[in-house]
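Raw input06.txt, compact mmCIF, C-alpha atoms:
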```
# COMPACT_ATOMS: atom_id res chain seq x y z
CA MET J 4 -21.11 -7.00 -5.25
CA PRO J 5 -23.15 -7.52 -8.46
CA VAL J 6 -21.73 -10.37 -10.52
CA VAL J 7 -22.73 -9.09 -13.98
CA GLY J 8 -19.75 -7.59 -15.82
CA LEU J 9 -17.20 -8.60 -13.20
CA THR J 10 -14.10 -10.60 -14.04
CA LEU J 11 -12.95 -13.54 -11.94
CA ALA J 12 -10.28 -11.27 -10.44
CA ASP J 13 -13.01 -8.77 -9.49
CA ARG J 14 -15.04 -11.46 -7.73
CA ILE J 15 -12.00 -12.83 -5.91
CA ASP J 16 -10.99 -9.34 -4.83
CA ALA J 17 -14.50 -8.76 -3.47
CA ALA J 18 -14.16 -11.94 -1.39
CA LEU J 19 -10.92 -10.81 0.26
CA PRO J 20 -10.86 -8.92 3.59
CA GLN J 21 -9.03 -5.90 2.10
CA THR J 22 -6.60 -5.57 5.00
CA GLN J 23 -3.80 -4.92 2.45
CA CYS J 24 -1.40 -6.71 4.81
CA THR J 25 0.80 -8.22 2.02
CA ARG J 26 1.11 -11.52 3.93
CA CYS J 27 -0.13 -13.30 0.82
CA GLY J 28 3.13 -12.32 -0.88
CA TYR J 29 1.62 -9.61 -3.08
CA VAL J 30 1.57 -5.83 -2.75
CA ASP J 31 -2.16 -5.67 -2.00
CA CYS J 32 -5.41 -7.63 -2.08
CA ARG J 33 -6.09 -6.73 -5.71
CA ALA J 34 -2.70 -8.03 -6.86
CA TYR J 35 -3.32 -11.30 -5.00
CA ALA J 36 -6.79 -11.59 -6.55
CA GLN J 37 -5.31 -11.20 -10.02
CA ALA J 38 -2.63 -13.80 -9.24
CA VAL J 39 -5.25 -16.30 -8.03
CA ALA J 40 -7.42 -15.65 -11.08
CA SER J 41 -4.50 -16.28 -13.43
CA GLY J 42 -3.43 -19.44 -11.59
CA GLU J 43 -0.19 -17.87 -10.38
CA ALA J 44 -1.15 -18.06 -6.68
CA GLU J 45 -2.97 -20.58 -4.52
CA ILE J 46 -6.25 -19.82 -2.78
CA ASN J 47 -4.85 -20.38 0.74
CA GLN J 48 -2.41 -17.47 1.08
CA CYS J 49 -4.62 -14.99 2.99
CA PRO J 50 -4.31 -15.36 6.79
CA PRO J 51 -6.80 -12.56 7.61
CA GLY J 52 -9.47 -14.39 5.61
CA GLY J 53 -8.68 -17.64 7.41
CA SER J 54 -10.15 -21.01 6.52
CA GLU J 55 -13.51 -19.46 5.62
CA GLY J 56 -11.71 -17.20 3.18
CA VAL J 57 -10.10 -20.22 1.55
CA GLU J 58 -13.53 -21.80 1.15
CA ARG J 59 -14.86 -18.63 -0.46
CA LEU J 60 -12.03 -18.59 -2.99
CA ALA J 61 -12.44 -22.30 -3.65
CA ALA J 62 -16.10 -21.73 -4.48
CA LEU J 63 -15.24 -18.86 -6.84
CA THR J 64 -12.41 -20.62 -8.65
CA GLY J 65 -13.68 -24.18 -8.66
CA ARG J 66 -10.51 -25.39 -6.96
CA HIS J 67 -10.26 -27.84 -4.08
CA THR J 68 -10.19 -26.36 -0.57
CA LEU J 69 -6.71 -26.30 0.99
CA PRO J 70 -5.41 -25.79 4.52
CA LEU J 71 -4.24 -22.24 5.15
CA SER J 72 -0.61 -21.91 4.04
CA ALA J 73 1.70 -21.86 7.06
CA ASP J 74 4.29 -20.06 4.95
CA HIS J 75 2.02 -17.02 4.76
CA GLY J 76 0.91 -16.87 8.39
CA GLN J 77 -1.68 -18.25 10.77
CA GLU J 78 -5.33 -17.47 11.28
CA GLY J 79 -5.89 -15.60 14.53
CA PRO J 80 -8.01 -13.01 16.33
CA ARG J 81 -8.26 -9.58 14.78
CA ALA J 82 -5.76 -7.18 16.29
CA LEU J 83 -5.43 -3.41 16.34
CA ALA J 84 -2.23 -1.38 16.36
CA VAL J 85 -1.44 0.47 19.59
CA ILE J 86 1.20 3.21 19.93
CA ASP J 87 3.08 3.60 23.21
CA GLU J 88 2.84 7.35 23.86
CA ALA J 89 5.92 7.37 26.08
CA TRP J 90 8.16 6.05 23.30
CA CYS J 91 6.73 7.64 20.12
CA ILE J 92 9.23 10.11 18.62
CA GLY J 93 6.94 11.44 15.89
CA CYS J 94 9.05 10.17 12.98
CA THR J 95 5.96 9.70 10.70
CA LEU J 96 7.34 6.42 9.28
CA CYS J 97 4.29 4.50 10.52
CA ILE J 98 2.01 7.03 8.82
CA LYS J 99 3.73 6.37 5.51
CA ALA J 100 3.54 2.60 6.03
CA CYS J 101 -0.20 2.50 6.78
CA PRO J 102 -2.13 1.44 3.65
CA VAL J 103 -5.47 2.82 4.87
CA ASP J 104 -4.35 6.13 6.44
CA CYS J 105 -5.57 5.24 9.92
CA ILE J 106 -2.57 6.83 11.70
CA VAL J 107 -2.68 10.55 12.37
CA GLY J 108 0.08 12.84 13.64
CA ALA J 109 2.74 15.33 12.66
CA PRO J 110 6.57 15.34 12.63
CA LYS J 111 7.98 15.28 16.18
CA GLN J 112 4.46 14.90 17.60
CA MET J 113 2.98 11.74 19.06
CA HIS J 114 0.90 9.74 16.58
CA LEU J 115 -2.48 8.15 17.17
CA ILE J 116 -4.26 5.13 15.69
CA VAL J 117 -7.85 5.59 14.52
CA THR J 118 -8.96 2.23 15.87
CA GLU J 119 -12.22 2.16 13.89
CA GLN J 120 -10.21 2.22 10.66
CA CYS J 121 -7.26 -0.04 11.55
CA THR J 122 -7.27 -3.29 9.54
CA GLY J 123 -4.63 -4.99 11.71
CA CYS J 124 -2.24 -5.28 8.77
CA GLU J 125 0.81 -4.90 11.07
CA LEU J 126 2.78 -2.96 8.42
CA CYS J 127 3.36 -0.11 10.87
CA VAL J 128 5.11 -2.39 13.38
CA PRO J 129 8.37 -3.01 11.47
CA ALA J 130 8.33 0.58 10.18
CA CYS J 131 8.70 2.01 13.70
CA PRO J 132 12.40 2.64 14.53
CA VAL J 133 11.81 2.66 18.31
CA ASP J 134 9.49 -0.36 18.54
CA CYS J 135 6.68 1.62 20.14
CA ILE J 136 3.87 -0.08 18.20
CA SER J 137 2.29 -3.34 19.27
CA MET J 138 -0.74 -5.34 18.14
CA SER J 139 -3.60 -5.88 20.59
CA PRO J 140 -6.17 -8.66 19.93
CA VAL J 141 -9.73 -7.33 20.04
CA SER J 142 -11.97 -10.10 18.72
CA GLY J 143 -11.62 -12.68 21.48
CA GLU J 144 -11.84 -16.20 20.06
CA GLN J 145 -13.30 -15.03 16.76
CA THR J 146 -10.92 -15.25 13.79
CA GLY J 147 -10.97 -14.71 10.05
CA TRP J 148 -14.31 -13.57 8.66
CA GLN J 149 -15.92 -14.18 12.05
CA ALA J 150 -13.86 -11.24 13.33
CA TRP J 151 -14.19 -9.04 10.24
CA SER J 152 -17.31 -8.02 8.33
CA PRO J 153 -17.95 -7.34 4.63
CA LEU J 154 -18.86 -3.76 5.59
CA GLN J 155 -15.45 -3.29 7.22
CA ALA J 156 -13.77 -4.82 4.18
CA GLU J 157 -15.52 -2.40 1.82
CA ALA J 158 -14.60 0.58 4.03
CA ALA J 159 -10.97 -0.57 4.07
CA ARG J 160 -11.00 -0.96 0.28
CA ALA J 161 -12.26 2.63 -0.12
CA ARG J 162 -9.59 4.02 2.23
CA TYR J 163 -6.86 2.06 0.45
CA SER J 164 -8.06 3.32 -2.92
CA PHE J 165 -7.90 6.91 -1.68
CA HIS J 166 -4.45 6.26 -0.18
CA GLN J 167 -3.22 5.00 -3.55
CA PHE J 168 -4.69 8.05 -5.27
CA LYS J 169 -2.79 10.37 -2.91
CA VAL J 170 0.48 8.50 -3.38
CA GLU J 171 0.17 8.63 -7.17
CA ARG J 172 -0.76 12.31 -7.07
CA GLU J 173 2.31 13.11 -4.96
CA LEU J 174 4.52 11.24 -7.42
CA ARG J 175 3.05 13.15 -10.36
CA ASP J 176 3.38 16.48 -8.57
CA ASN J 177 6.98 15.75 -7.63
CA ALA J 178 7.83 14.74 -11.21
CA ALA J 179 6.21 17.95 -12.48
CA ARG J 180 8.23 20.04 -10.03
CA LEU J 181 11.46 18.35 -11.10
CA GLN J 182 10.65 18.92 -14.76
CA ALA J 183 9.81 22.58 -14.19
CA LYS J 184 13.04 23.08 -12.25
CA ALA J 185 15.07 21.40 -15.00
CA GLU J 186 13.39 23.43 -17.72
CA ALA J 187 14.11 26.64 -15.81
CA LYS J 188 17.74 25.58 -15.51
CA LEU J 189 17.88 24.94 -19.26
CA ALA J 190 16.52 28.42 -19.87
CA ASP J 191 19.21 29.88 -17.63
CA LEU J 192 21.87 27.94 -19.51
CA ALA J 193 20.55 29.16 -22.82
CA ALA J 194 20.70 32.74 -21.58
CA ALA J 195 24.28 32.26 -20.36
CA SER J 196 25.45 30.29 -23.40
CA LYS J 197 27.51 33.18 -24.76
CA LEU J 198 29.50 33.27 -21.52
CA THR J 199 30.11 29.53 -21.24
CA ALA J 200 32.59 27.30 -23.03
CA PRO J 201 30.74 25.15 -25.63
CA ASP J 202 31.91 21.81 -24.23
CA ASP J 203 30.96 22.75 -20.68
CA LEU J 204 27.56 23.99 -21.83
CA GLU J 205 26.82 20.77 -23.71
CA ARG J 206 27.79 18.70 -20.69
CA LYS J 207 25.43 20.64 -18.43
CA ARG J 208 22.66 20.50 -21.01
CA ALA J 209 23.04 16.70 -21.29
CA VAL J 210 22.74 16.33 -17.50
CA ILE J 211 19.58 18.44 -17.41
CA GLN J 212 18.04 16.64 -20.40
CA ALA J 213 18.61 13.33 -18.63
CA ALA J 214 16.88 14.69 -15.53
CA LEU J 215 13.95 15.83 -17.67
CA ALA J 216 13.67 12.37 -19.22
CA ARG J 217 13.57 10.74 -15.79
CA ALA J 218 10.89 13.17 -14.61
CA ARG J 219 8.76 12.48 -17.70
CA ALA J 220 9.14 8.72 -17.22
CA GLN J 221 8.04 9.00 -13.58
CA ARG J 222 5.01 11.10 -14.50
CA GLU J 223 3.95 8.72 -17.29
CA ALA J 224 4.40 5.72 -14.99
```

Can you present the structure in this file as structure tokens?
Amino acid sequence: MPVVGLTLADRIDAALPQTQCTRCGYVDCRAYAQAVASGEAEINQCPPGGSEGVERLAALTGRHTLPLSADHGQEGPRALAVIDEAWCIGCTLCIKACPVDCIVGAPKQMHLIVTEQCTGCELCVPACPVDCISMSPVSGEQTGWQAWSPLQAEAARARYSFHQFKVERELRDNAARLQAKAEAKLADLAAASKLTAPDDLERKRAVIQAALARARAQREA
């Protein structure tokens, strides 16, 4: 990535593998990059990047190279998620857990992994209620950046960005639906106000106003 105009967090983020695995202790690679840039996190908390990843971050931050933190995981071969067709119940929980949308399927239908897009983050494994997902090593003895390319990292970053966009859009749409429903209810209450006891009407109006406030807060967030 071009260096001109980029912050330290931008450059650190560009040096991360973008698996979005959360093993570093942060919600995604970008959050970890910001934490490293601010001095909140160490440079050795990314197992997918391995020891070479630590060296990259050391060069960017000017810090001393450290051994990979055992508390955050171990460097190992790249692995892909595999779904056992015989056990999959089509619950869609793994689809929701995948940060790069590489799992396809429908409710009560068997799901499939798009292996070319899987980052090996393992987030789908604990999400499965019937333990039908396992991780299969695919890079032999190659680990860290030897098993993962910058091109793959950029593709994963793009998929994660689109995934985040969809999640945020769904939240906004849901908040808008809730607000519209509450406003319609308020209109109904106003129309029926002459037939309703004043105290009871005020109580219902307060409940709906509170729901509207929550919907607005969700949409603004």

Counting all atoms listed in the file, which residues sit no farther than 12 Å from the position (-2.9, -1.3, 8.2) in the file's frame? I'd like them as a ChimeraX atom specification. /J:20-26,31,51,81-85,97-106,116-130,138,159-160,162-163,166

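The coordinates place atom CA of Gln155 of chain J at 21.4 Å from atom CA of Ile46 of chain J.
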
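When all atoms listed in the file are used to measure the gap to Cys135 of chain J, the shortest distance among J:Gly93, J:Ser164, J:Leu174, J:Arg208 belongs to J:Gly93.
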
Using only C-alpha atoms, pick whichever of J:Pro132, J:Ser72, J:Thr64, J:Gly108 has the shortest atom-to-atom distance to Gly52 of chain J. J:Ser72

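Nearest-residue note for Gln145 of chain J: choosing from J:Gly53, J:Glu171, J:Asp191, J:His67, the minimum distance belongs to J:Gly53, counting all atoms listed in the file.
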
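When atom CA of Lys111 of chain J is paired with atom CA of Ser137 of chain J, their separation reads 19.7 Å.
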
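When the distance limit is 8 Å and only C-alpha atoms are what count, the residues near Gln221 of chain J, minus those fewer than 4 positions from it on the same chain, are Leu174, Arg175, Ala178 and Arg217 of chain J.
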
Which residue of J:Ala12, J:Cys49, J:Ala89, J:Val57 approaches Gln37 of chain J most closely, using only C-alpha atoms: J:Ala12

So how far away is atom CA of Ala73 of chain J from atom CA of Ala18 of chain J, in Å? 20.5 Å

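Among the candidates J:Ala61, J:Leu96, J:Gln167, J:Pro80, the residue lying nearest to Pro140 of chain J is J:Pro80 (atoms considered: only C-alpha atoms).
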
What's the 10 Å shell around Cys27 of chain J, counting only C-alpha atoms, without same-chain residues fewer than 5 positions away, as an mmCIF file with C-alpha atoms, keeping the file's coordinate frame?
```
data_model
loop_
_atom_site.group_PDB
_atom_site.id
_atom_site.type_symbol
_atom_site.label_atom_id
_atom_site.label_comp_id
_atom_site.auth_asym_id
_atom_site.auth_seq_id
_atom_site.Cartn_x
_atom_site.Cartn_y
_atom_site.Cartn_z
ATOM 1 C CA CYS J 32 -5.410 -7.630 -2.080
ATOM 2 C CA ALA J 34 -2.700 -8.030 -6.860
ATOM 3 C CA TYR J 35 -3.320 -11.300 -5.000
ATOM 4 C CA ALA J 44 -1.150 -18.060 -6.680
ATOM 5 C CA GLU J 45 -2.970 -20.580 -4.520
ATOM 6 C CA ILE J 46 -6.250 -19.820 -2.780
ATOM 7 C CA ASN J 47 -4.850 -20.380 0.740
ATOM 8 C CA GLN J 48 -2.410 -17.470 1.080
ATOM 9 C CA CYS J 49 -4.620 -14.990 2.990
ATOM 10 C CA PRO J 50 -4.310 -15.360 6.790
ATOM 11 C CA PRO J 51 -6.800 -12.560 7.610
ATOM 12 C CA SER J 72 -0.610 -21.910 4.040
ATOM 13 C CA ASP J 74 4.290 -20.060 4.950
ATOM 14 C CA HIS J 75 2.020 -17.020 4.760
ATOM 15 C CA GLY J 76 0.910 -16.870 8.390
#
```

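Take the candidates J:Gln112, J:Thr10, J:Gln149, J:Ser139 and check each one against Glu78 of chain J using only C-alpha atoms; the shortest distance goes to J:Gln149.
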